[in-house]
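Structure file data-v4.txt (compact mmCIF, C-alpha atoms) is printed below.
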# COMPACT_ATOMS: atom_id res chain seq x y z
CA MET E 1 -7.17 5.75 -11.03
CA GLY E 2 -10.10 6.57 -13.25
CA PHE E 3 -12.86 5.26 -10.90
CA ARG E 4 -14.22 3.05 -13.68
CA LEU E 5 -15.91 0.78 -11.12
CA ARG E 6 -18.90 1.31 -8.85
CA LYS E 7 -17.76 0.89 -5.24
CA SER E 8 -14.76 2.69 -3.68
CA ILE E 9 -13.15 2.17 -0.28
CA ASN E 10 -9.91 2.99 1.49
CA ILE E 11 -8.12 0.05 3.10
CA ILE E 12 -6.53 1.24 6.33
CA PRO E 13 -3.20 -0.54 6.71
CA GLY E 14 -1.29 -2.40 9.37
CA VAL E 15 1.73 -2.21 7.08
CA ARG E 16 1.54 1.38 5.97
CA LEU E 17 2.97 4.32 4.05
CA ASN E 18 4.25 7.02 6.40
CA LEU E 19 3.91 10.51 4.91
CA SER E 20 4.45 12.66 8.00
CA ASN E 21 8.18 13.35 7.87
CA GLY E 22 8.59 15.05 4.51
CA SER E 23 9.69 11.92 2.71
CA PRO E 24 7.49 8.93 1.88
CA SER E 25 8.40 5.59 3.44
CA LEU E 26 6.85 2.14 3.75
CA SER E 27 6.20 0.89 7.29
CA VAL E 28 5.50 -2.60 8.53
CA GLY E 29 4.07 -3.61 11.90
CA PRO E 30 0.91 -3.54 14.03
CA GLN E 31 -0.82 -0.37 15.17
CA GLY E 32 1.46 1.19 17.77
CA ALA E 33 4.66 -0.61 16.71
CA SER E 34 6.40 -0.60 13.35
CA VAL E 35 9.63 -0.36 11.41
CA SER E 36 9.75 2.24 8.62
CA PHE E 37 12.08 2.56 5.64
CA GLY E 38 12.68 5.76 3.69
CA SER E 39 15.23 8.06 2.12
CA ARG E 40 15.98 9.60 5.52
CA GLY E 41 16.83 6.34 7.25
CA THR E 42 15.34 3.38 9.09
CA PHE E 43 13.30 3.97 12.26
CA ALA E 44 11.62 1.90 14.96
CA ASN E 45 8.26 3.38 15.99
CA LEU E 46 6.55 2.41 19.25
CA GLY E 47 3.20 3.85 20.34
CA LEU E 48 1.21 3.28 23.51
CA PRO E 49 -2.44 2.82 22.42
CA GLY E 50 -4.89 5.05 24.24
CA THR E 51 -2.21 7.38 25.65
CA GLY E 52 -1.22 9.48 22.67
CA LEU E 53 2.42 8.85 23.60
CA SER E 54 4.95 7.46 21.14
CA TYR E 55 8.66 6.69 20.89
CA ARG E 56 10.75 6.81 17.72
CA THR E 57 14.40 5.90 17.28
CA ARG E 58 16.60 5.67 14.22
CA LEU E 59 17.88 2.11 14.08
CA ASP E 60 20.71 2.51 11.59
CA HIS E 61 22.01 5.71 13.22
CA VAL E 62 21.62 4.44 16.79
CA ALA E 63 23.38 1.19 15.94
CA ARG E 64 26.32 3.02 14.43
CA SER E 65 26.66 5.46 17.33
CA ARG E 66 26.33 2.59 19.80
CA GLY E 67 29.31 0.85 18.23
CA SER E 68 31.34 3.86 17.13
CA ASN E 69 33.46 3.92 20.28
CA ARG E 70 34.08 0.16 20.33
CA THR E 71 37.24 -1.37 19.02
CA ALA E 72 36.65 -4.96 20.13
CA SER E 73 33.63 -7.16 19.76
CA ASP E 74 31.17 -7.20 22.68
CA PRO E 75 28.99 -10.36 22.58
CA ALA E 76 25.97 -8.49 24.03
CA LEU E 77 26.36 -5.67 21.51
CA ARG E 78 26.75 -8.10 18.60
CA GLN E 79 23.62 -9.99 19.68
CA SER E 80 21.63 -6.75 19.97
CA LEU E 81 22.78 -5.57 16.54
CA GLU E 82 22.03 -8.94 14.95
CA LEU E 83 18.50 -8.81 16.38
CA GLU E 84 18.01 -5.32 14.94
CA ALA E 85 19.35 -6.42 11.55
CA ALA E 86 17.07 -9.47 11.59
CA GLU E 87 14.03 -7.29 12.39
CA LEU E 88 14.85 -4.90 9.56
CA MET E 89 15.38 -7.66 7.02
CA SER E 90 12.22 -9.43 8.22
CA ALA E 91 10.24 -6.26 7.57
CA ILE E 92 11.69 -5.98 4.05
CA THR E 93 10.83 -9.64 3.43
CA ALA E 94 7.24 -9.04 4.61
CA ILE E 95 6.80 -6.26 2.05
CA ARG E 96 8.41 -8.33 -0.71
CA ASN E 97 6.29 -11.40 0.09
CA ILE E 98 2.92 -9.84 0.87
CA HIS E 99 1.24 -12.65 -1.10
CA VAL E 100 1.89 -15.13 1.73
CA LEU E 101 -1.05 -13.53 3.60
CA THR E 102 -3.47 -14.62 0.86
CA PRO E 103 -6.39 -16.67 2.23
CA ASP E 104 -7.23 -19.99 0.56
CA PRO E 105 -10.49 -19.52 -1.40
CA ARG E 106 -11.37 -23.18 -0.74
CA THR E 107 -11.82 -22.39 2.97
CA GLY E 108 -14.03 -19.37 2.32
CA ILE E 109 -17.73 -18.77 2.80
CA ARG E 110 -20.28 -21.03 1.10
CA TRP E 111 -23.49 -20.01 -0.67
CA SER E 112 -25.66 -21.42 2.14
CA GLU E 113 -23.78 -19.40 4.77
CA LEU E 114 -24.00 -16.24 2.71
CA GLU E 115 -27.73 -16.72 2.14
CA SER E 116 -28.30 -17.12 5.89
CA ALA E 117 -26.39 -13.90 6.50
CA TYR E 118 -28.45 -12.20 3.81
CA LEU E 119 -31.80 -13.25 5.30
CA GLN E 120 -30.65 -12.19 8.76
CA ASN E 121 -29.48 -8.87 7.37
CA ARG E 122 -32.91 -8.19 5.88
CA ILE E 123 -34.64 -8.13 9.24
CA MET E 124 -32.01 -5.87 10.85
CA PRO E 125 -32.20 -2.06 10.68
CA PHE E 126 -29.68 -0.36 8.41
CA ASN E 127 -26.78 0.44 10.76
CA VAL E 128 -23.92 1.08 8.36
CA PRO E 129 -22.37 4.47 9.30
CA ALA E 130 -22.18 7.12 6.62
CA PRO E 131 -18.72 7.49 5.00
CA VAL E 132 -16.61 10.21 6.59
CA ARG E 133 -15.58 13.11 4.38
CA PRO E 134 -11.76 13.11 4.06
CA GLU E 135 -9.92 16.02 5.66
CA LYS E 136 -7.84 18.34 3.53
CA PRO E 137 -4.14 17.44 3.72
CA GLU E 138 -1.60 19.49 5.62
CA TYR E 139 1.20 20.45 3.27
CA LEU E 140 4.80 20.43 4.42
CA PRO E 141 6.57 23.80 4.44
CA LEU E 142 9.37 24.21 1.92
CA PRO E 143 12.87 24.42 3.45
CA GLU E 144 14.74 27.71 3.31
CA GLN E 145 17.68 27.93 0.97
CA PRO E 146 20.92 27.74 2.99
CA GLY E 147 23.06 30.83 3.34
CA ALA E 148 26.80 31.06 3.00
CA SER E 149 27.32 30.88 6.79
CA ASP E 150 24.96 27.95 7.49
CA GLY E 151 26.65 24.98 9.14
CA ILE E 152 29.87 26.81 9.94
CA SER E 153 31.54 25.96 13.25
CA PHE E 154 32.74 28.50 15.82
CA LEU E 155 36.35 27.99 14.82
CA GLY E 156 35.43 27.87 11.17
CA LYS E 157 34.29 31.48 11.31
CA ARG E 158 37.93 32.47 11.85
CA PHE E 159 39.99 29.75 10.23
CA GLU E 160 37.87 28.22 7.41
CA SER E 161 39.54 28.54 4.01
CA GLU E 162 37.69 29.79 0.95
CA SER E 163 37.79 26.33 -0.66
CA ALA E 164 36.41 24.70 2.52
CA LYS E 165 33.71 27.37 2.69
CA ALA E 166 32.75 26.69 -0.93
CA ASP E 167 32.66 22.91 -0.32
CA ARG E 168 30.49 23.36 2.79
CA HIS E 169 28.07 25.65 0.98
CA THR E 170 27.87 23.29 -2.02
CA GLU E 171 27.09 20.37 0.28
CA ASN E 172 24.41 22.43 2.07
CA VAL E 173 22.81 23.44 -1.25
CA GLN E 174 22.80 19.83 -2.51
CA ARG E 175 21.18 18.67 0.74
CA TRP E 176 18.62 21.48 0.49
CA GLN E 177 17.83 20.65 -3.15
CA GLN E 178 17.23 16.99 -2.27
CA GLU E 179 15.02 17.91 0.68
CA LEU E 180 13.12 20.41 -1.48
CA ALA E 181 12.54 17.77 -4.17
CA ASP E 182 11.36 15.25 -1.55
CA ILE E 183 8.90 17.70 0.02
CA GLU E 184 7.56 18.94 -3.32
CA ARG E 185 6.97 15.34 -4.41
CA GLU E 186 5.35 14.61 -1.05
CA ASN E 187 3.02 17.61 -1.30
CA THR E 188 2.07 16.70 -4.87
CA LEU E 189 1.26 13.14 -3.81
CA ARG E 190 -0.77 14.40 -0.84
CA GLN E 191 -2.84 16.65 -3.10
CA HIS E 192 -3.31 13.90 -5.68
CA ARG E 193 -4.37 11.34 -3.08
CA TYR E 194 -6.71 13.82 -1.41
CA GLN E 195 -8.42 14.40 -4.74
CA GLN E 196 -8.75 10.64 -5.17
CA GLN E 197 -10.13 10.24 -1.66
CA ARG E 198 -12.56 13.14 -2.13
CA THR E 199 -13.90 11.63 -5.35
CA ALA E 200 -14.08 8.21 -3.72
CA TRP E 201 -15.94 9.66 -0.72
CA ALA E 202 -18.57 11.27 -2.98
CA GLU E 203 -19.14 7.88 -4.65
CA GLN E 204 -19.16 6.10 -1.29
CA TYR E 205 -21.74 8.50 0.11
CA ALA E 206 -24.00 8.16 -2.92
CA ASN E 207 -23.73 4.37 -2.68
CA TRP E 208 -24.38 4.46 1.07
CA LYS E 209 -27.53 6.54 0.60
CA PHE E 210 -28.74 4.21 -2.14
CA ASP E 211 -28.03 1.12 0.00
CA ALA E 212 -29.91 2.62 2.96
CA GLU E 213 -32.99 3.25 0.82
CA GLU E 214 -32.76 -0.22 -0.71
CA HIS E 215 -32.52 -1.81 2.72
CA GLU E 216 -35.65 -0.06 3.92
CA ALA E 217 -37.50 -1.31 0.86
CA ARG E 218 -36.29 -4.88 1.42
CA LEU E 219 -37.64 -4.93 4.99
CA ALA E 220 -41.14 -5.01 3.55
CA THR E 221 -40.43 -7.98 1.28
CA ALA E 222 -41.55 -11.49 2.20
CA GLU E 223 -38.93 -14.16 2.96
CA SER E 224 -39.87 -16.19 -0.13
CA ASP E 225 -39.21 -13.14 -2.29
CA ALA E 226 -36.01 -12.49 -0.35
CA ARG E 227 -34.58 -15.90 -1.23
CA HIS E 228 -35.34 -15.24 -4.87
CA GLN E 229 -33.68 -11.81 -4.76
CA PHE E 230 -30.59 -13.01 -2.90
CA CYS E 231 -28.61 -14.24 -5.91
CA ALA E 232 -29.01 -10.91 -7.71
CA ASP E 233 -28.59 -8.46 -4.82
CA THR E 234 -25.49 -6.56 -5.95
CA ALA E 235 -25.62 -4.09 -3.06
CA PHE E 236 -25.48 -6.90 -0.48
CA PHE E 237 -22.50 -8.61 -2.13
CA GLU E 238 -20.63 -5.32 -2.47
CA SER E 239 -21.29 -4.40 1.16
CA TYR E 240 -20.13 -7.83 2.29
CA LEU E 241 -16.92 -7.57 0.24
CA ALA E 242 -16.28 -3.99 1.39
CA GLU E 243 -16.41 -5.13 5.01
CA ALA E 244 -13.84 -7.85 4.34
CA LEU E 245 -11.52 -5.45 2.51
CA THR E 246 -11.65 -2.77 5.19
CA GLU E 247 -10.56 -5.34 7.78
CA THR E 248 -7.50 -6.24 5.70
CA GLU E 249 -4.08 -4.94 6.78
CA TRP E 250 -2.28 -3.42 3.82
CA PRO E 251 1.14 -1.87 2.99
CA ARG E 252 -0.27 1.68 2.85
CA GLU E 253 -3.60 3.44 2.92
CA THR E 254 -4.85 1.93 -0.31
CA LEU E 255 -7.69 2.99 -2.58
CA VAL E 256 -9.69 0.08 -3.98
CA THR E 257 -12.62 0.35 -6.38
CA PHE E 258 -14.73 -2.65 -7.27
CA GLU E 259 -17.98 -3.78 -8.85
CA VAL E 260 -19.83 -7.04 -8.33
CA LYS E 261 -21.60 -8.74 -11.24
CA PRO E 262 -23.71 -11.55 -9.68
CA GLU E 263 -25.23 -12.52 -13.02
CA LEU E 264 -21.71 -13.21 -14.35
CA SER E 265 -20.33 -14.60 -11.06
CA THR E 266 -17.56 -12.00 -11.45
CA VAL E 267 -15.96 -9.22 -9.40
CA LEU E 268 -14.04 -6.39 -11.09
CA LEU E 269 -11.49 -4.70 -8.84
CA ASP E 270 -8.94 -1.91 -9.26
CA VAL E 271 -6.20 -1.12 -6.71
CA ASP E 272 -3.88 1.87 -6.30
CA LEU E 273 -0.40 0.31 -6.05
CA ALA E 274 2.64 1.63 -4.21
CA GLU E 275 5.33 3.56 -6.07
CA ILE E 276 8.76 1.99 -6.51
CA GLU E 277 10.27 5.05 -4.77
CA ASP E 278 8.41 4.01 -1.60
CA MET E 279 10.04 0.58 -1.45
CA PRO E 280 13.01 -0.24 0.84
CA ASP E 281 16.29 0.17 -1.03
CA LYS E 282 18.79 -0.93 1.65
CA ILE E 283 19.91 -4.17 3.29
CA TYR E 284 21.26 -4.35 6.83
CA VAL E 285 24.09 -6.47 8.23
CA VAL E 286 26.38 -6.43 11.26
CA ASN E 287 30.01 -5.71 10.45
CA ALA E 288 32.72 -8.34 10.94
CA ARG E 289 33.80 -6.95 14.33
CA GLY E 290 30.23 -6.94 15.61
CA THR E 291 30.38 -3.25 16.52
CA GLU E 292 28.11 -1.63 13.93
CA LEU E 293 24.92 -2.17 11.99
CA THR E 294 25.85 -1.31 8.42
CA GLU E 295 23.53 -0.27 5.64
CA LYS E 296 24.17 -1.31 2.05
CA SER E 297 22.29 -0.14 -1.01
CA MET E 298 20.39 -2.76 -2.99
CA THR E 299 21.15 -2.96 -6.66
CA GLN E 300 18.55 -1.25 -8.82
CA LYS E 301 17.58 -4.61 -10.30
CA ALA E 302 17.06 -6.12 -6.83
CA GLN E 303 14.88 -3.19 -5.80
CA ARG E 304 12.83 -3.46 -9.00
CA GLU E 305 12.45 -7.22 -8.49
CA ASN E 306 11.20 -6.65 -4.93
CA TYR E 307 8.74 -4.08 -6.28
CA ALA E 308 7.55 -6.48 -8.98
CA ARG E 309 6.99 -9.25 -6.41
CA HIS E 310 5.18 -6.82 -4.13
CA ILE E 311 2.69 -5.50 -6.69
CA HIS E 312 2.04 -8.96 -8.17
CA GLY E 313 1.57 -10.17 -4.60
CA CYS E 314 -0.95 -7.37 -3.95
CA LEU E 315 -3.09 -8.49 -6.91
CA PHE E 316 -2.72 -12.15 -5.96
CA ARG E 317 -3.76 -11.45 -2.37
CA LEU E 318 -6.75 -9.32 -3.36
CA ALA E 319 -7.97 -12.02 -5.74
CA GLY E 320 -7.72 -14.54 -2.90
CA ILE E 321 -9.64 -12.25 -0.52
CA VAL E 322 -12.43 -11.76 -3.05
CA LEU E 323 -12.83 -15.49 -3.76
CA HIS E 324 -12.59 -16.28 -0.05
CA THR E 325 -15.30 -13.72 0.80
CA LEU E 326 -17.76 -14.31 -2.05
CA PRO E 327 -18.52 -17.73 -3.62
CA PHE E 328 -18.14 -16.31 -7.13
CA GLU E 329 -16.08 -17.86 -9.92
CA ASN E 330 -14.02 -15.01 -11.40
CA VAL E 331 -12.08 -11.89 -10.47
CA ILE E 332 -10.79 -9.30 -12.95
CA ILE E 333 -8.21 -7.27 -11.06
CA SER E 334 -6.05 -4.36 -12.23
CA GLY E 335 -3.40 -2.22 -10.55
CA SER E 336 -2.44 1.39 -11.25
CA THR E 337 0.28 3.72 -10.05
CA GLN E 338 0.96 7.46 -10.21
CA ARG E 339 3.56 8.61 -12.73
CA ILE E 340 4.59 11.84 -14.39
CA SER E 341 3.08 11.86 -17.88
CA LYS E 342 5.60 12.41 -20.66
CA ARG E 343 2.81 14.04 -22.67
CA THR E 344 1.58 16.58 -20.12
CA GLY E 345 4.17 16.67 -17.32
CA TYR E 346 1.41 16.12 -14.74
CA LEU E 347 1.04 13.28 -12.26
CA GLU E 348 -1.38 10.75 -13.78
CA ASP E 349 -2.76 7.32 -12.92
CA GLN E 350 -1.40 4.60 -15.20
CA TYR E 351 -2.32 0.92 -15.14
CA ILE E 352 0.67 -1.44 -15.11
CA LEU E 353 -0.93 -4.83 -14.27
CA SER E 354 -4.24 -6.50 -15.09
CA CYS E 355 -5.23 -10.14 -14.79
CA LYS E 356 -8.21 -12.52 -14.70
CA CYS E 357 -8.27 -15.06 -11.87
CA SER E 358 -10.74 -17.92 -11.63
CA ARG E 359 -11.64 -20.05 -8.63
CA ARG E 360 -10.45 -23.12 -10.53
CA GLN E 361 -7.03 -21.56 -11.19
CA MET E 362 -6.61 -20.40 -7.59
CA ALA E 363 -7.49 -23.91 -6.41
CA SER E 364 -4.31 -25.16 -8.10
CA ILE E 365 -2.17 -23.17 -5.63
CA ASN E 366 -0.68 -25.05 -2.68
CA PHE E 367 -1.61 -22.60 0.08
CA ALA E 368 0.07 -24.81 2.68
CA GLY E 369 3.34 -23.96 0.93
CA ILE E 370 2.48 -20.40 -0.11
CA GLU E 371 5.97 -19.21 0.92
CA GLU E 372 7.38 -21.12 -2.07
CA VAL E 373 5.03 -19.44 -4.56
CA ASP E 374 6.46 -16.69 -6.75
CA PRO E 375 3.54 -14.28 -7.36
CA ILE E 376 5.11 -13.03 -10.60
CA LYS E 377 5.11 -16.55 -12.07
CA ALA E 378 1.77 -17.45 -10.47
CA LEU E 379 -0.08 -14.55 -12.11
CA GLY E 380 1.82 -15.22 -15.32
CA ASP E 381 -0.12 -18.48 -15.65
CA TYR E 382 -3.43 -16.57 -15.68
CA PRO E 383 -4.72 -14.34 -18.49
CA ILE E 384 -2.64 -11.23 -17.78
CA ILE E 385 -1.83 -7.90 -19.40
CA ARG E 386 1.56 -6.49 -18.45
CA LYS E 387 4.53 -4.89 -20.14
CA MET E 388 7.39 -5.92 -17.86
CA SER E 389 10.98 -6.18 -19.02
CA SER E 390 13.42 -8.89 -17.94
CA THR E 391 14.82 -6.35 -15.44
CA PHE E 392 11.35 -5.65 -13.96
CA ILE E 393 10.66 -2.28 -15.57
CA PHE E 394 6.94 -1.66 -16.19
CA GLN E 395 5.25 0.23 -19.00
CA PRO E 396 1.60 1.47 -19.01
CA ILE E 397 -1.12 -0.89 -20.25
CA GLU E 398 -4.82 -0.90 -21.04
CA PRO E 399 -6.49 -3.12 -18.39
CA PHE E 400 -9.03 -5.88 -18.86
CA THR E 401 -12.69 -4.92 -19.05
CA LEU E 402 -15.76 -7.11 -19.24
CA LYS E 403 -16.09 -6.33 -22.93
CA ALA E 404 -12.38 -6.85 -23.66
CA GLY E 405 -12.19 -9.84 -21.33
As structure tokens - that is how I would like this structure written.
Amino acid sequence: MGFRLRKSINIIPGVRLNLSNGSPSLSVGPQGASVSFGSRGTFANLGLPGTGLSYRTRLDHVARSRGSNRTASDPALRQSLELEAAELMSAITAIRNIHVLTPDPRTGIRWSELESAYLQNRIMPFNVPAPVRPEKPEYLPLPEQPGASDGISFLGKRFESESAKADRHTENVQRWQQELADIERENTLRQHRYQQQRTAWAEQYANWKFDAEEHEARLATAESDARHQFCADTAFFESYLAEALTETEWPRETLVTFEVKPELSTVLLDVDLAEIEDMPDKIYVVNARGTELTEKSMTQKAQRENYARHIHGCLFRLAGIVLHTLPFENVIISGSTQRISKRTGYLEDQYILSCKCSRRQMASINFAGIEEVDPIKALGDYPIIRKMSSTFIFQPIEPFTLKAG
């Protein structure tokens, strides 16, 4: 995104984007245990915190191999497969319905509580650690182009026909081309996100240095002056919000930029949204005999609808977090994604959603029944800028600004 706002942070996820296997995939689960979805399959990941040890198994492949030699239903096998299918579908539902984690702004912090925290903060030494410079990404090596003899069996060396040899080589080349495209896309995204993180770090460090100097100056101010300054202390509000955001579990390592305007009782926030290619595109069911866990492709419309719910849910949840954390009245929130520009051919940030949420509007939501809320329709009731078709295809927009809003 264009870093049009003052403060930048990375939200470290509990539901996360896994980029370590050459193909991007969304993961859901706590640190040390997760289920991941991607173009190479569905995996269960289990880590042992503090040991450096981890276990990874492919659920869809394991389930099939487990039942491949069975001809009759085994109740224990069926139960095991149904549990695996339920876990997979639960993870997909969690990504689709991320808005259900939105806190109710009405139960958030009050002005009196925030002022007490502010006055206490003034007498404490500045102990916020300096932002850590991001490490350069490790790029995945490109796969070697397959040769004519790759994948041939021992017997095939003597008995394989020319047509079978051509079919095998064609299949190998197609697989190589897909893997090459996946890795090239992955490396491009890694470079793009590193550049974003590097720019964000430079801004974070400058803000951190400024905040440290401001804090030292505030230590010398009398309490009566401190109470007067409280309502206009942008750095304090931004630091308080940043702390809340960094403690939030998110679907991937997410870049958020924001700016607090105390005089307008408004927070402006931009978020880097997931790509539709990173969303789960399969559903999982046990076959009729109870011997296999089968994988079925979602329709393109269903995948796009899940994506639309997810990104609307991200904005809805962030708005709720802001209004729960700060007793302000308004949030202007916009979401961008990375797409290949038709003008330049380069990967560029493009905004696809932007809305204005007020405390009064959020108070109309029944948070006790948040599971019944459709985030697409909920945000549609607010002032919103979006170009979304009836089949959930998004076009770039110009987001809200304070001047335009």
Kindly provide the residues of segment 336-380 of chain E that approach segment 272-284 of chain E to within 10 Å, each paired with its closest atom pair and their distance in Å to one decimal, based on all atoms listed in the file, listed by chain and increasing number, as JSON lines.
{"residue": "E:Ser336", "atom": "CA", "partner": "E:Asp272", "partner_atom": "CA", "distance": 5.2}
{"residue": "E:Thr337", "atom": "CA", "partner": "E:Leu273", "partner_atom": "CA", "distance": 5.3}
{"residue": "E:Gln338", "atom": "CA", "partner": "E:Glu275", "partner_atom": "CA", "distance": 7.2}
{"residue": "E:Arg339", "atom": "CA", "partner": "E:Glu275", "partner_atom": "CA", "distance": 8.5}
{"residue": "E:Asp349", "atom": "CA", "partner": "E:Asp272", "partner_atom": "CA", "distance": 8.6}
{"residue": "E:Gln350", "atom": "CA", "partner": "E:Asp272", "partner_atom": "CA", "distance": 9.6}
{"residue": "E:Tyr351", "atom": "CA", "partner": "E:Asp272", "partner_atom": "CA", "distance": 9.0}
{"residue": "E:Ile352", "atom": "CA", "partner": "E:Leu273", "partner_atom": "CA", "distance": 9.3}
{"residue": "E:Leu353", "atom": "CA", "partner": "E:Leu273", "partner_atom": "CA", "distance": 9.7}
Please, could you write that set of residues out with C-alpha atoms as a JSON list (two decimals), in the frame of the given file?
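Resulting contents of selection-v7.json:
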[["chain", "number", "residue", "atom", "x", "y", "z"],
["E", 336, "SER", "CA", -2.44, 1.39, -11.25],
["E", 337, "THR", "CA", 0.28, 3.72, -10.05],
["E", 338, "GLN", "CA", 0.96, 7.46, -10.21],
["E", 339, "ARG", "CA", 3.56, 8.61, -12.73],
["E", 349, "ASP", "CA", -2.76, 7.32, -12.92],
["E", 350, "GLN", "CA", -1.40, 4.60, -15.20],
["E", 351, "TYR", "CA", -2.32, 0.92, -15.14],
["E", 352, "ILE", "CA", 0.67, -1.44, -15.11],
["E", 353, "LEU", "CA", -0.93, -4.83, -14.27]]
For Glu203 of chain E, which residue among E:Ile109, E:Val132, E:Ala378, E:Ile98 is the nearest when counting only C-alpha atoms? E:Val132
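With all atoms listed in the file taken into account, the protein and nucleic acid residues at most 10 Å from Ile376 of chain E (excluding it and anything under 5 positions from it in its own chain) are Glu305, Ala308, Arg309, His310, Ile311, His312, Gly313, Phe316 and Asp381 of chain E.
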Might you pull out every residue within 8 Å of Gln197 of chain E, with only C-alpha atoms counted and same-chain residues fewer than 4 positions away left off, and present them as a list in words?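 Listing them by chain and then by number gives Asn10, Pro134, Arg193, Trp201 and Leu255 of chain E.
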Name all residues at most 7 Å from Ser358 of chain E (count only C-alpha atoms; drop same-chain ones fewer than 2 positions away) and give them as JSON, numbers by chain. {"E": [329, 330, 331, 356, 360, 361, 362]}
Which residue gives the smallest distance to Trp250 of chain E among E:Met298, E:Met388, E:Ile333, E:Leu318, with only C-alpha atoms counted?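 That would be E:Leu318, the residue with the smallest distance to Trp250 of chain E.
Between atom CA of Ala235 of chain E and atom CA of Gln120 of chain E there is a distance of 15.2 Å.
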Skipping near chain neighbours, those fewer than 2 positions away, what residues fall within 8 Å of segment 363-369 of chain E using only C-alpha atoms, listed as a PyMOL selection string? chain E and resi 103-106+359-361+371-373
Correct to one decimal, the distance atom CA of Ser354 of chain E-atom CA of Arg386 of chain E is 6.7 Å
Could you work out how far atom CA of Gly290 of chain E lies from atom CA of Arg78 of chain E, giving the answer in Å with one decimal?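 A separation of 4.7 Å between them.
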Show which residues sit within 12 Å of Leu326 of chain E, as a VMD selection string. Count all atoms listed in the file, and ignore same-chain residues fewer than 3 positions away. chain E and resid 105 to 115 231 234 236 to 245 260 to 262 265 to 267 319 to 323 329 to 331 359
Which residue out of E:Leu402, E:Glu186, E:Cys314, E:Ile123 has the minimum interatomic distance to Ala220 of chain E when only C-alpha atoms are used?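 Smallest separation from Ala220 of chain E among the options: E:Ile123.
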Across E:Val286, E:Ile95, E:Leu142, E:Ala117, the smallest distance to Leu77 of chain E, with all atoms listed in the file counted, is shown by E:Val286
Could you tell me which of E:Phe230, E:Phe159, E:Phe126, E:Phe392 comes closest to Trp208 of chain E if we count only C-alpha atoms?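 Among the listed residues, the smallest separation from Trp208 of chain E belongs to E:Phe126.
If you measure from each of E:Ala212, E:Ser390, E:His324, E:Leu293 to Leu88 of chain E using all atoms listed in the file, the closest one turns out to be E:Leu293.
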